[in-house]
$ cat protein_14.txt   # compact mmCIF, C-alpha atoms
# COMPACT_ATOMS: atom_id res chain seq x y z
CA MET A 1 9.57 140.81 91.57
CA THR A 2 7.77 139.21 94.48
CA LEU A 3 5.49 136.21 94.10
CA SER A 4 2.53 138.22 95.41
CA ARG A 5 3.10 140.86 92.75
CA PHE A 6 3.33 138.16 90.09
CA ASN A 7 0.00 136.75 91.28
CA ALA A 8 -1.62 140.15 90.70
CA LEU A 9 -0.14 140.90 87.26
CA PRO A 10 -2.43 141.02 84.22
CA ALA A 11 -2.06 137.82 82.20
CA PRO A 12 -0.02 139.38 79.34
CA GLU A 13 2.52 140.82 81.79
CA ALA A 14 2.70 137.54 83.72
CA ARG A 15 3.32 135.66 80.48
CA SER A 16 6.08 138.11 79.57
CA ALA A 17 7.76 137.63 82.95
CA LEU A 18 7.73 133.84 82.61
CA GLY A 19 9.23 134.09 79.15
CA GLU A 20 12.56 134.58 80.93
CA VAL A 21 12.18 131.10 82.41
CA CYS A 22 10.93 128.96 79.52
CA SER A 23 10.39 129.57 75.80
CA SER A 24 7.45 127.16 75.54
CA GLY A 25 4.11 128.92 75.24
CA ALA A 26 2.37 125.83 76.61
CA TRP A 27 4.48 125.91 79.77
CA VAL A 28 3.91 129.64 80.26
CA THR A 29 0.15 129.28 79.76
CA ALA A 30 -0.08 126.46 82.29
CA VAL A 31 1.90 128.29 84.98
CA VAL A 32 0.02 131.57 84.50
CA ALA A 33 -3.30 129.70 84.70
CA GLY A 34 -2.29 128.22 88.06
CA ARG A 35 -2.15 131.57 89.86
CA PRO A 36 -2.35 132.60 92.63
CA TYR A 37 0.53 130.73 94.26
CA GLU A 38 0.67 130.67 98.02
CA ASN A 39 4.41 130.07 98.17
CA THR A 40 7.47 129.01 96.21
CA ALA A 41 6.78 125.32 96.78
CA ALA A 42 3.39 125.67 95.07
CA LEU A 43 4.99 127.52 92.16
CA HIS A 44 7.65 124.80 91.84
CA ALA A 45 4.98 122.09 91.82
CA ALA A 46 3.04 123.86 89.07
CA SER A 47 6.22 124.34 87.05
CA ASP A 48 7.17 120.67 87.44
CA ALA A 49 3.70 119.56 86.31
CA ALA A 50 3.74 121.90 83.31
CA THR A 51 7.20 120.67 82.32
CA ALA A 52 6.20 117.02 82.65
CA ALA A 53 3.30 117.68 80.28
CA LEU A 54 5.52 119.01 77.48
CA GLU A 55 5.39 116.75 74.43
CA GLY A 56 6.12 117.04 70.72
CA PRO A 57 6.32 120.63 69.43
CA ASP A 58 5.82 122.09 72.91
CA LEU A 59 8.91 120.27 74.18
CA ASP A 60 10.78 121.34 71.03
CA ASP A 61 9.87 124.96 71.78
CA ALA A 62 11.21 124.66 75.33
CA LEU A 63 14.48 123.09 74.16
CA ALA A 64 14.92 125.67 71.38
CA GLY A 65 15.16 128.41 74.01
CA HIS A 66 18.46 127.01 75.28
CA PRO A 67 21.70 127.64 73.38
CA PRO A 68 24.28 124.83 73.07
CA ILE A 69 26.51 124.18 76.06
CA GLY A 70 29.70 126.19 75.61
CA ARG A 71 28.04 128.69 73.26
CA PRO A 72 25.62 130.68 75.42
CA GLY A 73 23.65 133.27 73.50
CA ASP A 74 22.23 135.30 76.41
CA ALA A 75 23.25 136.53 79.84
CA THR A 76 21.14 133.94 81.70
CA SER A 77 22.65 131.00 79.82
CA ALA A 78 26.14 132.48 80.12
CA ARG A 79 25.78 132.63 83.90
CA GLU A 80 24.46 129.07 84.07
CA GLN A 81 27.22 127.74 81.79
CA SER A 82 30.11 129.67 83.34
CA ALA A 83 31.89 126.48 84.44
CA VAL A 84 32.36 125.43 80.81
CA ALA A 85 33.38 128.92 79.69
CA GLU A 86 36.10 128.98 82.35
CA ALA A 87 37.36 125.43 81.70
CA PRO A 88 40.70 124.63 80.00
CA GLY A 89 40.66 124.91 76.23
CA GLU A 90 41.01 121.19 75.58
CA LEU A 91 38.01 120.39 77.78
CA ARG A 92 35.92 123.14 76.15
CA ALA A 93 36.78 121.79 72.71
CA ARG A 94 35.73 118.26 73.70
CA VAL A 95 32.41 119.57 75.07
CA ARG A 96 31.75 121.44 71.80
CA GLU A 97 32.63 118.34 69.78
CA LEU A 98 30.24 116.11 71.71
CA THR A 99 27.40 118.66 71.81
CA LEU A 100 27.51 118.76 67.99
CA ALA A 101 27.48 114.95 67.89
CA TYR A 102 24.53 114.96 70.29
CA GLN A 103 22.54 117.42 68.20
CA GLU A 104 23.25 115.44 65.04
CA LYS A 105 22.04 112.22 66.69
CA PHE A 106 18.98 113.51 68.55
CA GLY A 107 17.97 116.60 66.56
CA HIS A 108 17.87 118.95 69.53
CA VAL A 109 20.24 120.71 71.90
CA PHE A 110 21.95 118.80 74.73
CA LEU A 111 20.22 120.08 77.86
CA ILE A 112 21.56 119.77 81.38
CA ARG A 113 21.20 121.75 84.59
CA ALA A 114 24.61 123.39 84.33
CA THR A 115 24.23 125.47 87.51
CA GLY A 116 26.37 123.92 90.23
CA ARG A 117 28.05 121.43 87.89
CA SER A 118 31.69 121.48 86.83
CA ALA A 119 32.79 121.30 83.20
CA ALA A 120 34.06 117.76 83.86
CA ASP A 121 30.63 116.76 85.21
CA ILE A 122 28.95 118.12 82.09
CA LEU A 123 31.39 116.32 79.81
CA ALA A 124 30.83 113.03 81.65
CA ALA A 125 27.05 113.45 81.27
CA LEU A 126 27.46 114.13 77.57
CA GLU A 127 29.52 110.99 77.07
CA GLU A 128 27.00 108.90 78.98
CA ARG A 129 23.85 110.30 77.37
CA LEU A 130 25.13 109.96 73.81
CA GLY A 131 24.51 106.24 74.25
CA ASN A 132 20.82 106.72 75.08
CA SER A 133 17.86 106.22 72.76
CA PRO A 134 15.95 109.26 71.42
CA ALA A 135 12.97 108.45 73.67
CA THR A 136 15.21 108.26 76.73
CA GLU A 137 16.79 111.60 75.88
CA ARG A 138 13.43 113.31 75.42
CA ALA A 139 12.45 112.15 78.90
CA ARG A 140 15.83 113.16 80.33
CA SER A 141 15.52 116.60 78.73
CA ARG A 142 12.20 117.15 80.52
CA THR A 143 13.86 116.22 83.82
CA GLU A 144 16.67 118.71 83.24
CA LEU A 145 14.18 121.38 82.13
CA ALA A 146 12.26 120.98 85.38
CA ALA A 147 15.43 121.59 87.40
CA ILE A 148 16.40 124.61 85.26
CA HIS A 149 12.92 126.09 85.56
CA ARG A 150 13.07 125.89 89.37
CA ILE A 151 16.41 127.70 89.44
CA ARG A 152 15.19 130.43 87.10
CA LEU A 153 11.93 130.89 88.98
CA ASP A 154 13.84 131.32 92.22
CA ARG A 155 15.99 133.95 90.56
CA LEU A 156 12.95 135.72 89.12
CA PHE A 157 10.93 135.61 92.36
CA PRO A 158 13.40 135.67 95.26
CA ASP A 159 11.85 134.61 98.54
CA PRO A 160 12.36 137.37 101.16
CA SER A 161 11.80 134.98 104.05
CA PRO A 162 14.65 132.87 105.42
CA PRO A 163 14.63 129.49 103.69
CA ALA A 164 13.72 126.45 105.75
CA ALA A 165 16.60 124.13 106.48
CA PRO A 166 16.59 121.38 103.84
CA ALA A 167 16.00 117.75 104.57
CA THR A 168 19.17 115.67 104.45
CA VAL A 169 19.64 112.05 103.43
CA SER A 170 22.20 109.31 104.05
CA THR A 171 22.21 105.54 103.71
CA HIS A 172 24.24 102.39 104.17
CA VAL A 173 24.07 98.97 102.53
CA LEU A 174 24.52 95.68 104.36
CA ASP A 175 25.00 92.35 102.57
CA THR A 176 23.21 90.10 105.05
CA SER A 177 24.28 86.92 103.23
CA ALA A 178 27.90 87.75 104.03
CA GLY A 179 27.22 89.58 107.27
CA ARG A 180 29.27 92.59 106.21
CA PRO A 181 28.91 96.07 104.66
CA ALA A 182 28.65 96.39 100.88
CA ALA A 183 31.27 98.79 99.53
CA ALA A 184 31.41 100.69 96.21
CA VAL A 185 27.66 100.44 95.53
CA PRO A 186 26.56 103.37 93.28
CA VAL A 187 23.64 105.31 94.76
CA THR A 188 21.55 107.94 92.95
CA LEU A 189 19.30 110.39 94.78
CA SER A 190 16.23 111.87 93.06
CA ALA A 191 13.62 114.22 94.49
CA ARG A 192 10.14 115.51 93.72
CA SER A 193 7.75 118.01 95.29
CA GLY A 194 4.54 115.98 95.05
CA GLU A 195 3.16 112.62 94.00
CA LYS A 196 2.23 113.86 90.51
CA THR A 197 5.42 115.78 89.77
CA PRO A 198 8.36 114.23 87.89
CA TRP A 199 11.50 112.97 89.58
CA THR A 200 14.62 115.13 89.30
CA VAL A 201 18.07 113.61 89.75
CA VAL A 202 19.82 115.60 92.49
CA GLY A 203 23.14 113.76 92.72
CA SER A 204 24.93 110.46 93.18
CA SER A 205 27.63 108.83 95.27
CA GLU A 206 28.74 105.36 96.31
CA THR A 207 29.11 103.49 99.55
CA ASP A 208 32.46 103.53 101.33
CA ALA A 209 34.37 100.64 102.94
CA ASP A 210 31.86 100.67 105.83
CA GLY A 211 28.95 100.41 103.40
CA ARG A 212 27.92 103.99 104.20
CA CYS A 213 26.99 106.76 101.78
CA ARG A 214 27.62 109.96 103.70
CA ASP A 215 27.95 112.63 101.01
CA LEU A 216 24.61 112.60 99.17
CA PRO A 217 23.50 116.16 98.36
CA ALA A 218 20.57 117.70 100.19
CA PRO A 219 17.27 117.57 98.27
CA PRO A 220 16.16 120.99 96.98
CA PRO A 221 13.71 123.14 98.98
CA GLY A 222 10.12 122.04 98.54
CA THR A 223 11.01 118.35 98.28
CA THR A 224 8.39 116.04 99.75
CA GLU A 225 9.65 112.67 98.50
CA VAL A 226 13.08 111.18 97.83
CA ARG A 227 14.08 108.13 95.78
CA LEU A 228 17.33 106.24 96.39
CA GLU A 229 18.42 103.91 93.58
CA PHE A 230 21.08 101.32 94.40
CA ALA A 231 22.97 99.74 91.47
CA THR A 232 23.77 96.53 93.37
CA ALA A 233 24.65 94.26 90.41
CA GLY A 234 28.33 93.35 90.42
CA HIS A 235 28.89 94.99 93.79
CA VAL A 236 26.92 92.85 96.26
CA PRO A 237 27.18 89.03 96.12
CA ALA A 238 23.62 88.79 97.40
CA ALA A 239 22.28 90.88 94.50
CA SER A 240 22.02 88.22 91.80
CA PHE A 241 18.23 88.29 92.09
CA PHE A 242 17.93 92.06 92.74
CA PRO A 243 20.43 93.75 90.37
CA GLU A 244 19.03 97.13 91.37
CA VAL A 245 16.85 98.38 94.21
CA GLY A 246 14.79 101.57 94.53
CA LEU A 247 13.53 103.05 97.79
CA VAL A 248 11.01 105.91 97.90
CA PHE A 249 10.23 107.76 101.14
CA ARG A 250 8.83 111.06 102.38
CA VAL A 251 11.07 113.71 103.91
CA THR A 252 10.53 116.58 106.33
CA PRO A 253 12.43 119.91 106.00
CA GLY A 254 15.10 120.35 108.65
CA GLU A 255 15.26 116.65 109.52
CA HIS A 256 17.92 114.07 108.69
CA HIS A 257 16.76 110.82 107.06
CA HIS A 258 19.08 107.82 107.31
CA VAL A 259 17.53 104.96 105.29
CA PRO A 260 19.67 101.80 105.13
CA LEU A 261 19.26 98.91 102.70
CA LEU A 262 19.61 95.35 104.02
CA LEU A 263 20.06 93.01 101.08
CA SER A 264 19.83 89.21 101.02
CA PRO A 265 19.78 86.84 98.03
CA TYR A 266 15.97 86.77 97.67
CA GLY A 267 14.71 89.70 99.69
CA TYR A 268 15.61 93.12 101.00
CA SER A 269 14.37 95.50 103.66
CA ALA A 270 14.81 99.13 104.62
CA TYR A 271 14.05 101.29 107.61
CA ARG A 272 14.56 104.81 108.90
CA GLY A 273 17.58 104.73 111.18
CA SER A 274 19.74 107.31 112.88

$ encode --input "protein_14.txt" --output "structure tokens"
Amino acid sequence: MTLSRFNALPAPEARSALGEVCSSGAWVTAVVAGRPYENTAALHAASDAATAALEGPDLDDALAGHPPIGRPGDATSAREQSAVAEAPGELRARVRELTLAYQEKFGHVFLIRATGRSAADILAALEERLGNSPATERARSRTELAAIHRIRLDRLFPDPSPPAAPATVSTHVLDTSAGRPAAAVPVTLSARSGEKTPWTVVGSSETDADGRCRDLPAPPPGTTEVRLEFATAGHVPAASFFPEVGLVFRVTPGEHHHVPLLLSPYGYSAYRGS
């Protein structure tokens, strides 16, 4: 189905089509009400906003549409979770064990954007998120839902035009108090498609011996803003006052954005470099 055809569908048929993306009636209603959509970026923005608004029973409805990791109940989930299904038996068993522990603790399914992630990545996320509070996990589930909804929308409404080259991002960290690069600093990249849409974690890395972070993933199509979060505590001597630093900046499709962090004991600065 094309996006233009979706724009023209009667409301009941449009709702039915979006049922393949999300099981929350509130989400479906919001996205249908936002028609017509000029392009995929506009559809993504509406989906992100509708997902961010999910609370209480509406969020429960959205989560209930996803089977547990490792036990997909439909073809869409099976495709998204294929990395776990194809993993060694011991790893699959550990994932099943922790997903049950997660559901017992939080009362809902463990949700993660499985597309593009390895079984080991999913297991590591499970182990980490089991230590979160229920409120943190509800917020994290909305973030993962937003990413899943984008992927499913793109599959439902493939764009016939060639995609624009994505923006790319890199960074380096300099400890100005020591006059040298800061190595092994964890860096997390998040993206969003508008000021009112939620942040989605895209990937993470850490600086190398030269203080550079060269392998951050490209933000998804439609991204307008990127956030880099630097976990400087314990890695940079100058970071006793700033244990973590966040930088938010706008990006342009097809352009590379190198944004270094210069950190001193009681101040930091950033700029767009090359």

$ closest_residue --input "protein_14.txt" --among "A:Ala53, A:Val187, A:Val21, A:Val169" --to "Ala147 in chain A" --atoms "all atoms listed in the file"
A:Val21

$ residues_near_point --input "protein_14.txt" --point "(26.8, 117.9, 82.6)" --cutoff "10 Å" --atoms "all atoms listed in the file" --output "PyMOL selection string"
chain A and resi 69+81+84+95+110-129

$ write_last_selection --input "protein_14.txt" --atoms "C-alpha atoms" --output "CSV table (one decimal), keeping the file's coordinate frame"
chain,number,residue,atom,x,y,z
A,69,ILE,CA,26.5,124.2,76.1
A,81,GLN,CA,27.2,127.7,81.8
A,84,VAL,CA,32.4,125.4,80.8
A,95,VAL,CA,32.4,119.6,75.1
A,110,PHE,CA,22.0,118.8,74.7
A,111,LEU,CA,20.2,120.1,77.9
A,112,ILE,CA,21.6,119.8,81.4
A,113,ARG,CA,21.2,121.8,84.6
A,114,ALA,CA,24.6,123.4,84.3
A,115,THR,CA,24.2,125.5,87.5
A,116,GLY,CA,26.4,123.9,90.2
A,117,ARG,CA,28.0,121.4,87.9
A,118,SER,CA,31.7,121.5,86.8
A,119,ALA,CA,32.8,121.3,83.2
A,120,ALA,CA,34.1,117.8,83.9
A,121,ASP,CA,30.6,116.8,85.2
A,122,ILE,CA,29.0,118.1,82.1
A,123,LEU,CA,31.4,116.3,79.8
A,124,ALA,CA,30.8,113.0,81.6
A,125,ALA,CA,27.0,113.4,81.3
A,126,LEU,CA,27.5,114.1,77.6
A,127,GLU,CA,29.5,111.0,77.1
A,128,GLU,CA,27.0,108.9,79.0
A,129,ARG,CA,23.8,110.3,77.4

$ atom_distance --input "protein_14.txt" --atom1 "CA of Asp58 in chain A" --atom2 "CA of Ala17 in chain A"
18.6 Å

$ atom_distance --input "protein_14.txt" --atom1 "CA of Ala93 in chain A" --atom2 "CA of Val201 in chain A"
26.6 Å

$ residues_near_point --input "protein_14.txt" --point "(1.2, 138.7, 98.7)" --cutoff "10 Å" --atoms "all atoms listed in the file" --output "list in words"
Thr2, Leu3, Ser4, Arg5, Phe6, Asn7, Ala8, Pro36, Tyr37, Glu38 and Asn39 of chain A

$ closest_residue --input "protein_14.txt" --among "A:Ser141, A:Ser23, A:Thr188, A:Thr136" --to "Ala52 in chain A" --atoms "only C-alpha atoms"
A:Ser141

$ closest_residue --input "protein_14.txt" --among "A:Pro134, A:Gly89, A:Pro243, A:Pro265" --to "Phe106 in chain A" --atoms "all atoms listed in the file"
A:Pro134

$ closest_residue --input "protein_14.txt" --among "A:Asn132, A:Thr223, A:Ser47, A:Ser274" --to "Trp27 in chain A" --atoms "all atoms listed in the file"
A:Ser47

$ atom_distance --input "protein_14.txt" --atom1 "CA of Ala135 in chain A" --atom2 "CA of Glu55 in chain A"
11.3 Å

$ closest_residue --input "protein_14.txt" --among "A:Ala26, A:Val32, A:Ala62, A:Val226" --to "Gly194 in chain A" --atoms "all atoms listed in the file"
A:Val226

$ decode --input "protein_14.txt" --residues "range 251-262 of chain A" --atoms "all heavy atoms" --output "mmCIF file, in the first residue's frame"
data_model
loop_
_atom_site.group_PDB
_atom_site.id
_atom_site.type_symbol
_atom_site.label_atom_id
_atom_site.label_comp_id
_atom_site.auth_asym_id
_atom_site.auth_seq_id
_atom_site.Cartn_x
_atom_site.Cartn_y
_atom_site.Cartn_z
ATOM 1 N N VAL A 251 20.497 18.004 12.759
ATOM 2 C CA VAL A 251 21.249 17.354 11.687
ATOM 3 C C VAL A 251 20.542 17.559 10.353
ATOM 4 O O VAL A 251 19.330 17.802 10.307
ATOM 5 C CB VAL A 251 21.424 15.843 11.959
ATOM 6 C CG1 VAL A 251 22.261 15.605 13.211
ATOM 7 C CG2 VAL A 251 20.072 15.143 12.095
ATOM 8 N N THR A 252 21.315 17.447 9.286
ATOM 9 C CA THR A 252 20.817 17.597 7.925
ATOM 10 C C THR A 252 21.070 16.310 7.153
ATOM 11 O O THR A 252 22.201 15.799 7.169
ATOM 12 C CB THR A 252 21.531 18.764 7.217
ATOM 13 O OG1 THR A 252 21.331 19.963 7.979
ATOM 14 C CG2 THR A 252 20.995 18.945 5.801
ATOM 15 N N PRO A 253 20.049 15.724 6.494
ATOM 16 C CA PRO A 253 20.264 14.492 5.731
ATOM 17 C C PRO A 253 21.411 14.646 4.737
ATOM 18 O O PRO A 253 21.578 15.685 4.097
ATOM 19 C CB PRO A 253 18.923 14.292 5.007
ATOM 20 C CG PRO A 253 17.925 15.004 5.853
ATOM 21 C CD PRO A 253 18.658 16.187 6.416
ATOM 22 N N GLY A 254 22.211 13.600 4.616
ATOM 23 C CA GLY A 254 23.305 13.588 3.663
ATOM 24 C C GLY A 254 24.572 14.260 4.137
ATOM 25 O O GLY A 254 25.591 14.218 3.446
ATOM 26 N N GLU A 255 24.542 14.908 5.302
ATOM 27 C CA GLU A 255 25.727 15.593 5.806
ATOM 28 C C GLU A 255 26.325 14.839 6.992
ATOM 29 O O GLU A 255 25.605 14.166 7.733
ATOM 30 C CB GLU A 255 25.394 17.026 6.234
ATOM 31 C CG GLU A 255 24.984 17.924 5.090
ATOM 32 C CD GLU A 255 24.808 19.374 5.530
ATOM 33 O OE1 GLU A 255 25.154 19.690 6.707
ATOM 34 O OE2 GLU A 255 24.330 20.181 4.718
ATOM 35 N N HIS A 256 27.643 14.985 7.159
ATOM 36 C CA HIS A 256 28.306 14.404 8.321
ATOM 37 C C HIS A 256 28.437 15.471 9.404
ATOM 38 O O HIS A 256 28.731 16.631 9.126
ATOM 39 C CB HIS A 256 29.693 13.874 7.967
ATOM 40 C CG HIS A 256 30.384 13.246 9.145
ATOM 41 N ND1 HIS A 256 29.923 12.088 9.730
ATOM 42 C CD2 HIS A 256 31.469 13.639 9.867
ATOM 43 C CE1 HIS A 256 30.703 11.787 10.757
ATOM 44 N NE2 HIS A 256 31.647 12.702 10.858
ATOM 45 N N HIS A 257 28.206 15.063 10.661
ATOM 46 C CA HIS A 257 28.231 15.980 11.793
ATOM 47 C C HIS A 257 29.230 15.459 12.818
ATOM 48 O O HIS A 257 28.967 14.468 13.508
ATOM 49 C CB HIS A 257 26.843 16.095 12.419
ATOM 50 C CG HIS A 257 25.775 16.494 11.441
ATOM 51 N ND1 HIS A 257 25.272 15.614 10.497
ATOM 52 C CD2 HIS A 257 25.137 17.680 11.242
ATOM 53 C CE1 HIS A 257 24.368 16.243 9.778
ATOM 54 N NE2 HIS A 257 24.260 17.483 10.201
ATOM 55 N N HIS A 258 30.391 16.115 12.890
ATOM 56 C CA HIS A 258 31.402 15.754 13.881
ATOM 57 C C HIS A 258 31.319 16.789 15.013
ATOM 58 O O HIS A 258 31.588 17.978 14.789
ATOM 59 C CB HIS A 258 32.800 15.748 13.268
ATOM 60 C CG HIS A 258 33.866 15.327 14.233
ATOM 61 N ND1 HIS A 258 33.931 14.053 14.748
ATOM 62 C CD2 HIS A 258 34.889 16.024 14.796
ATOM 63 C CE1 HIS A 258 34.959 13.975 15.579
ATOM 64 N NE2 HIS A 258 35.550 15.156 15.636
ATOM 65 N N VAL A 259 30.899 16.338 16.196
ATOM 66 C CA VAL A 259 30.648 17.248 17.319
ATOM 67 C C VAL A 259 31.493 16.809 18.512
ATOM 68 O O VAL A 259 31.116 15.905 19.244
ATOM 69 C CB VAL A 259 29.153 17.276 17.688
ATOM 70 C CG1 VAL A 259 28.897 18.266 18.823
ATOM 71 C CG2 VAL A 259 28.299 17.629 16.467
ATOM 72 N N PRO A 260 32.662 17.418 18.691
ATOM 73 C CA PRO A 260 33.547 17.042 19.797
ATOM 74 C C PRO A 260 33.105 17.655 21.131
ATOM 75 O O PRO A 260 32.410 18.671 21.172
ATOM 76 C CB PRO A 260 34.906 17.607 19.373
ATOM 77 C CG PRO A 260 34.739 17.999 17.934
ATOM 78 C CD PRO A 260 33.300 18.328 17.764
ATOM 79 N N LEU A 261 33.570 17.008 22.205
ATOM 80 C CA LEU A 261 33.349 17.501 23.563
ATOM 81 C C LEU A 261 34.701 17.846 24.179
ATOM 82 O O LEU A 261 35.596 16.994 24.225
ATOM 83 C CB LEU A 261 32.651 16.437 24.416
ATOM 84 C CG LEU A 261 32.514 16.733 25.915
ATOM 85 C CD1 LEU A 261 31.608 17.934 26.141
ATOM 86 C CD2 LEU A 261 31.994 15.502 26.661
ATOM 87 N N LEU A 262 34.863 19.074 24.617
ATOM 88 C CA LEU A 262 36.071 19.523 25.307
ATOM 89 C C LEU A 262 35.704 19.711 26.774
ATOM 90 O O LEU A 262 34.892 20.572 27.119
ATOM 91 C CB LEU A 262 36.585 20.832 24.714
ATOM 92 C CG LEU A 262 36.752 20.866 23.185
ATOM 93 C CD1 LEU A 262 37.313 22.212 22.751
ATOM 94 C CD2 LEU A 262 37.642 19.721 22.721
#
